[in-house]
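query_15.cif, holding mmCIF, C-alpha atoms:
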data_start
loop_
_atom_site.label_atom_id
_atom_site.label_comp_id
_atom_site.auth_asym_id
_atom_site.auth_seq_id
_atom_site.Cartn_x
_atom_site.Cartn_y
_atom_site.Cartn_z
CA MET S 7 94.15 14.76 -96.39
CA LYS S 8 90.57 15.55 -95.42
CA LYS S 9 91.23 19.26 -95.79
CA ILE S 10 92.66 18.81 -99.28
CA PHE S 11 89.73 16.63 -100.33
CA GLY S 12 87.23 19.12 -98.91
CA MET S 13 88.88 22.05 -100.66
CA ILE S 14 88.75 20.24 -104.00
CA ILE S 15 85.06 19.42 -103.62
CA ILE S 16 84.17 22.98 -102.54
CA THR S 17 86.18 24.54 -105.37
CA VAL S 18 84.60 22.38 -108.06
CA PHE S 19 81.13 22.90 -106.60
CA VAL S 20 81.50 26.69 -106.59
CA LEU S 21 82.79 26.72 -110.18
CA ALA S 22 80.04 24.42 -111.41
CA LEU S 23 77.19 25.97 -109.43
CA PRO S 24 76.01 28.42 -112.13
CA SER S 25 75.90 25.58 -114.67
CA PHE S 26 73.53 23.58 -112.48
CA TYR S 27 71.03 26.41 -112.62
CA SER S 28 71.72 27.44 -116.21
CA PHE S 29 68.68 27.62 -118.43
CA GLU S 30 68.10 24.44 -120.42
CA PRO S 31 65.40 24.92 -123.07
CA GLU S 32 62.69 22.33 -123.47
CA LYS S 33 60.18 21.73 -126.18
CA GLY S 34 57.28 24.13 -125.89
CA PHE S 35 59.22 26.85 -124.06
CA TYR S 36 58.21 30.37 -125.08
CA ALA S 37 59.12 33.91 -124.12
CA GLU S 38 57.71 37.30 -125.04
CA TYR S 39 59.33 40.74 -124.92
CA ARG S 40 57.71 44.16 -125.20
CA MET S 41 58.62 47.82 -124.86
CA TYR S 42 58.22 49.22 -121.37
CA GLU S 43 55.34 51.70 -121.23
CA ASP S 44 55.75 54.44 -118.65
CA PRO S 45 52.28 55.04 -117.16
CA GLU S 46 53.18 58.70 -116.51
CA PHE S 47 54.25 59.36 -120.10
CA PRO S 48 51.34 60.74 -122.18
CA TYR S 49 52.49 59.27 -125.50
CA PRO S 50 53.03 55.64 -126.56
CA THR S 51 56.58 54.33 -126.31
CA THR S 52 58.26 53.75 -129.66
CA ALA S 53 61.43 52.03 -130.84
CA PHE S 54 63.75 53.60 -133.42
CA ALA S 55 64.56 51.05 -136.16
CA LEU S 56 67.35 51.95 -138.59
CA LEU S 57 66.76 50.07 -141.84
CA ARG S 58 69.57 48.10 -143.43
CA GLU S 59 68.64 49.21 -146.95
CA HIS S 60 68.15 52.84 -145.95
CA GLN S 61 70.75 54.27 -148.35
CA GLU S 62 68.59 53.42 -151.36
CA TRP S 63 65.27 54.51 -149.87
CA GLU S 64 63.58 57.82 -149.29
CA ILE S 65 62.73 56.72 -145.75
CA LYS S 66 65.78 55.69 -143.74
CA TYR S 67 64.19 54.50 -140.54
CA LEU S 68 60.90 53.61 -138.87
CA ASP S 69 59.42 54.25 -135.46
CA ILE S 70 57.71 51.15 -134.09
CA LYS S 71 54.79 51.16 -131.67
CA ASP S 72 53.34 48.12 -129.86
CA LEU S 73 56.55 46.18 -130.47
CA VAL S 74 56.41 42.45 -129.69
CA TYR S 75 59.46 40.16 -129.99
CA LYS S 76 58.64 36.54 -129.07
CA TYR S 77 59.71 32.98 -129.75
CA GLN S 78 58.84 29.38 -128.98
CA VAL S 79 60.92 26.18 -129.07
CA LEU S 80 59.02 23.85 -131.42
CA ASP S 81 61.30 20.83 -131.14
CA ILE S 82 64.69 19.63 -129.92
CA ARG S 83 66.62 16.89 -131.74
CA GLN S 84 70.27 15.91 -131.43
CA ASN S 85 70.94 18.97 -129.29
CA LYS S 86 69.55 21.33 -131.92
CA ALA S 87 66.44 23.41 -131.25
CA LEU S 88 63.90 24.47 -133.86
CA VAL S 89 62.71 27.91 -132.74
CA ARG S 90 59.89 29.97 -134.22
CA ILE S 91 60.49 33.71 -133.89
CA CYS S 92 57.92 36.47 -134.34
CA PHE S 93 58.70 40.19 -134.63
CA GLN S 94 55.69 42.47 -135.01
CA GLY S 95 54.45 45.98 -134.38
CA ILE S 96 53.04 49.13 -135.94
CA ALA S 97 55.50 51.01 -138.13
CA THR S 98 55.21 54.79 -138.42
CA ILE S 99 57.21 57.49 -140.21
CA GLY S 100 58.14 59.65 -137.26
CA TRP S 101 56.72 59.02 -133.79
CA TYR S 102 54.15 61.83 -134.16
CA SER S 103 52.90 60.66 -137.59
CA ARG S 104 49.44 59.22 -138.13
CA LYS S 105 50.69 57.24 -141.13
CA SER S 106 51.21 53.70 -139.95
CA ALA S 107 51.26 50.09 -141.12
CA PHE S 108 50.99 46.94 -139.06
CA PHE S 109 53.69 44.34 -139.82
CA LYS S 110 54.45 40.82 -138.70
CA ARG S 111 57.53 38.74 -139.49
CA VAL S 112 57.69 35.04 -138.60
CA PHE S 113 60.67 32.74 -139.24
CA ASP S 114 61.74 29.26 -138.10
CA VAL S 115 65.44 29.05 -137.21
CA THR S 116 67.66 26.25 -135.95
CA ILE S 117 69.88 26.82 -132.93
CA ASP S 118 72.87 24.71 -131.93
CA LEU S 119 72.44 24.29 -128.17
CA ASN S 120 76.17 23.63 -127.71
CA THR S 121 77.26 26.98 -129.17
CA LEU S 122 73.98 28.96 -129.10
CA GLU S 123 74.52 29.82 -132.74
CA THR S 124 71.82 29.97 -135.38
CA ILE S 125 72.70 27.56 -138.16
CA ASP S 126 71.52 26.84 -141.70
CA GLU S 127 70.52 23.50 -143.25
CA ASN S 128 74.20 22.59 -143.67
CA GLY S 129 74.98 23.20 -140.00
CA ASP S 130 76.97 26.38 -140.73
CA ALA S 131 76.56 29.25 -138.30
CA TRP S 132 75.09 32.46 -139.70
CA GLY S 133 74.14 34.16 -136.43
CA LYS S 134 74.22 34.16 -132.65
CA TRP S 135 71.30 33.58 -130.26
CA LEU S 136 71.06 36.14 -127.44
CA PHE S 137 67.81 35.32 -125.65
CA TRP S 138 69.57 32.90 -123.36
CA ILE S 139 73.23 32.29 -122.51
CA LYS S 140 75.09 29.46 -120.82
CA LEU S 141 76.14 30.57 -117.38
CA GLY S 142 79.53 30.11 -115.78
CA SER S 143 82.16 32.06 -113.85
CA TYR S 144 82.47 35.36 -115.69
CA ASP S 145 84.71 38.34 -115.04
CA TRP S 146 84.72 40.55 -118.13
CA ARG S 147 84.76 37.48 -120.31
CA GLU S 148 84.55 38.21 -124.03
CA TYR S 149 81.48 36.86 -125.81
CA THR S 150 80.46 36.98 -129.47
CA MET S 151 76.97 38.47 -129.57
CA MET S 152 76.67 38.86 -133.34
CA LYS S 153 78.26 37.03 -136.25
CA ASN S 154 77.85 39.50 -139.10
CA TRP S 155 76.60 42.99 -138.26
CA ASN S 156 75.58 44.85 -141.41
CA GLY S 157 77.78 42.47 -143.41
CA HIS S 158 80.93 43.65 -141.61
CA GLY S 159 81.72 40.85 -139.21
CA GLU S 160 81.45 39.94 -135.54
CA VAL S 161 80.54 42.08 -132.54
CA THR S 162 82.14 41.18 -129.20
CA VAL S 163 80.73 42.05 -125.79
CA TRP S 164 81.70 41.35 -122.21
CA ILE S 165 79.81 39.24 -119.69
CA GLU S 166 79.86 40.24 -116.03
CA GLY S 167 78.52 38.49 -112.97
CA PRO S 168 76.99 36.92 -111.12
CA TYR S 169 75.78 39.86 -109.04
CA GLU S 170 73.25 39.93 -106.27
CA ASN S 171 69.98 41.63 -107.02
CA ASP S 172 70.49 44.62 -104.76
CA TYR S 173 69.99 47.63 -107.01
CA LEU S 174 68.08 46.39 -110.07
CA PHE S 175 64.75 47.37 -108.56
CA SER S 176 65.68 51.02 -108.99
CA PHE S 177 65.67 51.13 -112.78
CA LEU S 178 64.61 47.81 -114.36
CA HIS S 179 60.98 47.23 -115.22
CA SER S 180 60.32 43.58 -116.10
CA PRO S 181 57.71 41.99 -113.80
CA TYR S 182 60.11 39.07 -113.32
CA ILE S 183 62.78 41.21 -111.69
CA LYS S 184 61.05 40.50 -108.38
CA THR S 185 61.91 36.80 -108.60
CA THR S 186 65.51 37.33 -109.72
CA THR S 187 68.00 36.83 -106.89
CA ASP S 188 71.19 36.96 -108.97
CA PHE S 189 71.85 38.31 -112.43
CA PHE S 190 74.42 38.46 -115.20
CA LYS S 191 74.80 41.19 -117.75
CA ILE S 192 76.48 41.73 -121.10
CA LYS S 193 77.87 45.11 -122.13
CA THR S 194 79.13 46.45 -125.43
CA LEU S 195 81.01 49.28 -123.72
CA LYS S 196 84.20 48.48 -121.80
CA VAL S 197 85.96 51.15 -119.73
CA LYS S 198 89.26 50.14 -118.16
CA ASP S 199 92.38 52.10 -117.24
CA TYR S 200 90.83 55.26 -118.71
CA THR S 201 90.46 53.67 -122.14
CA VAL S 202 87.15 52.89 -123.80
CA LYS S 203 86.38 50.08 -126.21
CA TYR S 204 83.05 49.71 -127.98
CA PRO S 205 81.64 48.98 -131.48
CA VAL S 206 81.84 52.25 -133.44
CA PHE S 207 79.09 52.59 -136.05
CA GLU S 208 81.44 53.88 -138.77
CA GLU S 209 83.57 50.74 -138.49
CA TYR S 210 80.52 48.68 -139.48
CA ASP S 211 79.55 51.02 -142.35
CA ILE S 212 76.53 52.40 -140.50
CA MET S 213 75.64 56.01 -141.28
CA THR S 214 75.32 58.02 -138.07
CA SER S 215 73.31 60.88 -139.56
CA TYR S 216 71.29 61.86 -142.59
CA LYS S 217 70.33 65.38 -143.75
CA ASP S 218 72.26 67.05 -140.94
CA TYR S 219 72.13 70.70 -140.02
CA LYS S 220 73.30 72.77 -137.06
CA THR S 221 71.11 74.62 -134.61
CA PRO S 222 72.12 77.99 -133.16
CA GLU S 223 73.45 76.05 -130.17
CA GLY S 224 75.73 74.11 -132.49
CA THR S 225 74.01 70.76 -131.97
CA ILE S 226 73.52 68.57 -135.02
CA ARG S 227 69.96 67.49 -135.64
CA SER S 228 68.17 65.80 -138.51
CA GLU S 229 65.30 66.81 -140.72
CA GLU S 230 62.00 65.02 -141.23
CA PRO S 231 60.85 62.92 -142.92
CA GLY S 232 63.59 60.38 -143.46
CA GLY S 233 66.36 62.07 -141.57
CA TYR S 234 67.94 60.72 -138.40
CA TYR S 235 70.85 61.37 -136.09
CA LEU S 236 72.66 58.85 -133.87
CA SER S 237 74.07 60.51 -130.78
CA GLU S 238 77.61 60.39 -129.47
CA ILE S 239 78.44 58.29 -126.40
CA GLU S 240 79.28 60.13 -123.20
CA VAL S 241 81.55 58.33 -120.73
CA GLY S 242 82.58 59.50 -117.27
CA PHE S 243 85.67 58.36 -115.36
CA ASP S 244 86.07 58.07 -111.60
CA THR S 245 88.26 61.21 -111.70
CA GLY S 246 85.22 63.24 -112.70
CA GLU S 247 86.41 63.65 -116.28
CA GLU S 248 83.80 63.15 -119.00
CA VAL S 249 84.56 62.37 -122.64
CA GLU S 250 82.38 62.39 -125.74
CA LEU S 251 82.98 59.51 -128.15
CA LYS S 252 81.95 58.77 -131.71
CA PRO S 253 78.45 57.30 -132.14
CA GLY S 254 78.45 53.59 -131.50
CA LEU S 255 76.63 50.69 -129.92
CA ASP S 256 75.79 51.30 -126.26
CA MET S 257 73.85 48.25 -125.11
CA THR S 258 73.39 46.54 -121.76
CA ALA S 259 71.40 43.32 -121.47
CA PHE S 260 70.48 41.75 -118.14
CA TYR S 261 70.00 38.01 -117.68
CA MET S 262 68.21 36.16 -114.90
CA ASP S 263 70.14 33.84 -112.61
CA ASN S 264 69.30 30.91 -114.93
CA GLY S 265 70.65 32.62 -118.05
CA LEU S 266 67.34 33.75 -119.57
CA LEU S 267 67.31 37.28 -121.02
CA LEU S 268 65.44 39.57 -118.66
CA GLU S 269 65.71 43.11 -119.97
CA ILE S 270 67.61 45.23 -122.51
CA PHE S 271 68.58 48.83 -121.94
CA GLY S 272 69.57 51.22 -124.73
CA ASP S 273 70.51 49.93 -128.17
CA TYR S 274 69.84 46.40 -129.35
CA ILE S 275 71.10 44.33 -132.28
CA ASP S 276 71.11 40.67 -133.21
CA ASP S 277 71.68 38.62 -136.35
CA PHE S 278 68.01 37.73 -136.71
CA LEU S 279 66.92 41.37 -136.88
CA ASP S 280 69.75 42.28 -139.23
CA GLN S 281 69.73 39.36 -141.66
CA LYS S 282 66.10 38.21 -141.52
CA ILE S 283 64.16 41.40 -140.76
CA GLY S 284 66.34 44.12 -142.30
CA ILE S 285 66.86 46.22 -139.14
CA VAL S 286 70.49 47.10 -138.51
CA LEU S 287 69.91 48.93 -135.22
CA LEU S 288 67.00 48.97 -132.78
CA GLN S 289 66.98 51.66 -130.09
CA THR S 290 64.48 50.41 -127.54
CA GLU S 291 65.20 52.22 -124.26
CA PHE S 292 63.72 49.29 -122.30
CA LEU S 293 62.77 45.99 -123.93
CA ILE S 294 61.49 43.76 -121.14
CA LEU S 295 60.50 40.14 -120.59
CA THR S 296 56.72 40.21 -120.13
CA ASN S 297 55.79 36.53 -120.28
CA TYR S 298 57.38 33.10 -120.49
CA GLY S 299 56.58 29.47 -119.77
CA VAL S 300 56.03 26.09 -121.42
CA SER S 301 53.06 25.09 -123.55
CA ASN S 302 52.08 21.92 -125.43
CA ASN S 303 50.46 24.12 -128.07
CA ILE S 304 52.14 26.10 -130.82
CA LEU S 305 51.54 29.74 -129.89
CA ILE S 306 52.92 31.42 -133.03
CA GLU S 307 51.33 30.84 -136.42
CA GLU S 308 53.32 29.22 -139.22
CA PRO S 309 55.54 31.39 -141.43
CA THR S 310 54.11 32.49 -144.78
CA PRO S 311 55.77 34.17 -147.78
CA GLU S 312 54.17 37.43 -146.62
CA SER S 313 55.54 37.11 -143.07
CA GLN S 314 59.04 36.18 -144.30
CA ARG S 315 59.75 39.37 -146.19
CA THR S 316 63.19 40.83 -145.35
CA SER S 317 62.28 44.34 -146.43
CA PHE S 318 59.99 47.12 -145.17
CA GLU S 319 59.59 48.62 -148.63
CA LYS S 320 55.90 47.70 -148.84
CA GLU S 321 55.07 49.29 -145.51
CA ILE S 322 56.92 52.45 -146.52
CA GLU S 323 55.13 52.64 -149.86
CA GLN S 324 51.81 52.22 -148.08
CA MET S 325 52.53 55.00 -145.57
CA LEU S 326 53.63 57.31 -148.38
CA GLY S 327 50.32 56.64 -150.15
CA ARG S 328 51.83 54.88 -153.13
CA PRO S 329 50.49 51.68 -154.74
CA PRO S 330 52.56 48.56 -154.05
CA LYS S 331 55.07 47.75 -156.80
CA ASP S 332 53.78 44.17 -156.85
CA SER S 333 49.99 44.28 -157.09
CA GLU S 334 49.68 40.65 -156.00
CA ASP S 335 51.68 41.25 -152.82
CA THR S 336 49.47 43.56 -150.77
CA ILE S 337 49.79 44.69 -147.19
CA THR S 338 47.10 43.86 -144.68
CA THR S 339 46.24 46.39 -142.00
CA GLU S 340 45.05 43.80 -139.54
CA THR S 341 44.95 44.39 -135.84
CA PRO S 342 47.87 42.73 -133.99
CA SER S 343 47.00 39.37 -132.51
CA THR S 344 46.15 39.16 -128.83
CA PRO S 345 49.39 38.92 -126.81
CA LEU S 346 50.13 36.23 -124.30
CA GLU S 347 48.87 37.23 -120.90
CA THR S 348 51.47 38.07 -118.28
CA THR S 349 51.38 35.90 -115.18
CA GLU S 350 53.34 35.70 -111.98
CA THR S 351 53.46 31.89 -112.34
CA PRO S 352 54.92 31.60 -115.84
CA GLN S 353 55.38 27.83 -115.92
CA SER S 354 51.63 27.28 -115.60
CA THR S 355 50.63 29.64 -118.43
CA GLU S 356 49.23 27.95 -121.54
CA GLN S 357 47.60 29.40 -124.63
CA LYS S 358 44.70 27.56 -126.30
CA SER S 359 45.47 26.38 -129.82
CA GLU S 360 44.41 23.67 -132.22
CA THR S 361 48.01 23.06 -133.27
CA GLN S 362 50.01 20.75 -131.03
CA LEU S 363 53.76 20.47 -130.78
CA PRO S 364 55.24 17.41 -132.53
CA THR S 365 55.53 14.33 -130.35
CA THR S 366 59.13 13.13 -130.05
CA THR S 367 60.98 11.11 -127.45
CA GLN S 368 64.46 11.13 -128.93
CA SER S 369 64.91 14.88 -128.53
CA GLN S 370 64.13 14.93 -124.82
CA GLU S 371 66.32 11.91 -124.13
CA ASP S 372 69.24 13.40 -126.06
CA THR S 373 68.95 16.67 -124.16
CA GLU S 374 68.71 14.98 -120.78
CA ASN S 375 71.67 12.68 -121.49
CA ASN S 376 73.87 15.56 -122.65
CA THR S 377 72.85 17.68 -119.68
CA MET S 378 73.51 14.88 -117.18
CA LEU S 379 76.92 14.15 -118.71
CA TYR S 380 77.80 17.84 -118.59
CA TYR S 381 77.02 18.03 -114.88
CA VAL S 382 78.37 14.65 -113.74
CA ALA S 383 81.67 14.61 -115.66
CA PRO S 384 83.46 17.25 -113.51
CA LEU S 385 82.36 15.55 -110.29
CA PHE S 386 83.46 12.16 -111.61
CA ILE S 387 86.92 13.54 -112.39
CA VAL S 388 87.19 14.97 -108.88
CA MET S 389 86.26 11.58 -107.39
CA ILE S 390 89.01 9.88 -109.39
CA ILE S 391 91.55 12.44 -108.17
CA ALA S 392 90.38 11.99 -104.57
CA VAL S 393 90.62 8.21 -104.76
CA PHE S 394 94.11 8.51 -106.23
CA ILE S 395 95.21 10.78 -103.38
CA VAL S 396 93.79 8.44 -100.73
CA PHE S 397 95.42 5.40 -102.33
CA LYS S 398 98.73 7.17 -102.56
CA GLU S 399 98.70 8.23 -98.89
CA LYS S 400 97.86 4.71 -97.71
CA ARG S 401 100.82 3.32 -99.59
#

Let's see the structure in the file written out as structure tokens.
Amino acid sequence: MKKIFGMIIITVFVLALPSFYSFEPEKGFYAEYRMYEDPEFPYPTTAFALLREHQEWEIKYLDIKDLVYKYQVLDIRQNKALVRICFQGIATIGWYSRKSAFFKRVFDVTIDLNTLETIDENGDAWGKWLFWIKLGSYDWREYTMMKNWNGHGEVTVWIEGPYENDYLFSFLHSPYIKTTTDFFKIKTLKVKDYTVKYPVFEEYDIMTSYKDYKTPEGTIRSEEPGGYYLSEIEVGFDTGEEVELKPGLDMTAFYMDNGLLLEIFGDYIDDFLDQKIGIVLLQTEFLILTNYGVSNNILIEEPTPESQRTSFEKEIEQMLGRPPKDSEDTITTETPSTPLETTETPQSTEQKSETQLPTTTQSQEDTENNTMLYYVAPLFIVMIIAVFIVFKEKR
């Protein structure tokens, strides 16, 4: 009897353990992500951003320097979080070009904390939130990472973990990797039994090349300006065989042991970039968590009509030396705002601001009650089963 009871308790505890440590957002929480800058590389690191409306434009993509992707939870009510997201950087036409334009996009979105989906004013899901995930026992579990990529439907990935932090130091770059003891990861590429499954760009109506030509070596390259080429995916099997696949999404995202996004390697997509910003694909190499914490102040300025544009047409016209089509809607070439300072004690970091977060008590109570019920319910069920077993044996 005691052995059975002990086994039940241990089993439930092991299954529920990741949930106890899973990230639970609170009002004022913020996080900031930037491109990793290699100190030995002589040129600034850039991100390749393929534009959603590229087929109609002379310029099909942008290179982005000084990329910052950050957010802050402004409020939580009835298990829904109001999150302010900022995406900013310096857009250039070709990484070597001196033609550039600073841009900043700021939007407020609502996230359902039960499903981690971004929802509209009617409560209907239009996207998926990827900056944190709910942890659990994962073994190649399928997970919807995007609701509507380029207007062609969902993108599914696989979650692996948890894994011990034994080899991440060798190639990850976020300063918070040092405090990560376990990690999860999501992958768009699945290799099993010598078959490969991944999101192919053509299936989502994404052009893989523009203005192609062949070099003497036979390799396809693209012309400048405006041309681009998305490479094939190379996969190796344990037999030593290597195959070359059609161009497609090759993304790996690493999460800390509490479910907070730590670092992204390779390609990156999400519904916010696609539907709000107009970027269908962002090739980042390494996009890393550089700062996070909780603040009573609002750290991102309010959205404006200028910062809520879903097109880069104005920036492109500016870099090409053309007057804006709308004379009243001009582009500012301001210097990017001072970033949040990175600290090794993120929970104590706070940015000075005159704007305070709204004061609410209902949101915190709702979140705490839901969280407590989520944790206690499985243990309560186990206690009932144990009592039933004991009562039955005594009879």

>> To one decimal place in Å, what is the distance between atom CA of Glu240 of chain S and atom CA of Ile294 of chain S?
In response: 24.3 Å

> Of the candidates S:Leu136, S:Ile70, S:Ile212, S:Val79, which one gets nearest to Val286 of chain S if we count only C-alpha atoms?
Replying inline: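 Once distances to Val286 of chain S are computed over only C-alpha atoms, the minimum belongs to S:Ile212.
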
>> Evaluate the PyMOL selection byres ((chain S and resi 29) around 8) against this structure - the residues, as a ChimeraX atom specification, please.
In response: /S:27-28,30-31,138-140,264-266

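Minimum distance to Lys134 of chain S across S:Leu279, S:Ile322, S:Met213, S:Leu88 (counting all atoms listed in the file) occurs at S:Leu279.
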
> Excluding same-chain residues fewer than 2 positions from Thr187 of chain S, what lies within 7 Å of it counting only C-alpha atoms, as a list in words?
Replying inline: Glu170, Asn171, Thr185, Phe189 and Asp263 of chain S

> To one decimal place, how far is atom CA of Phe271 of chain S from atom CA of Tyr149 of chain S in Å?
Replying inline: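 Result for atom CA of Phe271 of chain S versus atom CA of Tyr149 of chain S: 18.0 Å, one decimal.
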
> Which is closer to Arg147 of chain S than all the others in S:Thr316, S:Thr162, S:Gln362, S:Asn120, using only C-alpha atoms?
Replying inline: S:Thr162

> Taking into account only C-alpha atoms, which residue in the set S:Glu269, S:Glu238, S:Glu209, S:Glu319 is nearest to Tyr39 of chain S?
Replying inline: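 Looking at the shortest contact to Tyr39 of chain S, the residue is S:Glu269.
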
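Closest approach to Gly34 of chain S from the set S:Thr221, S:Ser301, S:Ser237, S:Thr150 is made by S:Ser301, with distances taken over only C-alpha atoms.
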
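Of note, atom CA of Ile96 of chain S and atom CA of Tyr298 of chain S are spaced 22.7 Å apart.
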
> For Glu148 of chain S, which residue out of S:Arg83, S:Lys191, S:Lys320, S:Lys71 is the nearest one, using only C-alpha atoms?
Replying inline: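 Of the candidates, the smallest distance to Glu148 of chain S is held by S:Lys191.
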
>> Just want the 6 Å neighbourhood of Tyr36 of chain S, counted on only C-alpha atoms, with same-chain residues fewer than 6 positions away dropped. Output as a PyMOL selection string.
In response: chain S and resi 77-78+298-299

> Skipping near chain neighbours, those fewer than 3 positions away, what residues fall within 8 Å of Ala107 of chain S using only C-alpha atoms, listed as an NGL selection string?
Replying inline: :S and (96-98 or 321 or 324-325 or 339)

>> Translate the PyMOL selection byres ((chain S and resi 295) around 8) into a concrete residue list for this structure, as a list in words.
In response: Ala37, Glu38, Tyr39, Arg40, Ser180, Pro181, Tyr182, Leu267, Leu268, Glu269, Leu293, Ile294, Thr296, Asn297 and Tyr298 of chain S

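Residue neighbourhood of segment 197-200 of chain S, excluding near-sequence residues (fewer than 4 positions): Trp146, Trp164, Lys193, Tyr204, Glu240, Val241, Gly242, Phe243, Asp244, Thr245, Gly246, Glu247, Glu248 and Val249 of chain S, at 12 Å, using all atoms listed in the file.
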
> Given the file above and the PyMOL selection byres ((chain S and resi 285) around 8), which residues are selected, and can you give them as a ChimeraX atom specification?
Replying inline: /S:55-58,279-281,283-284,286-288
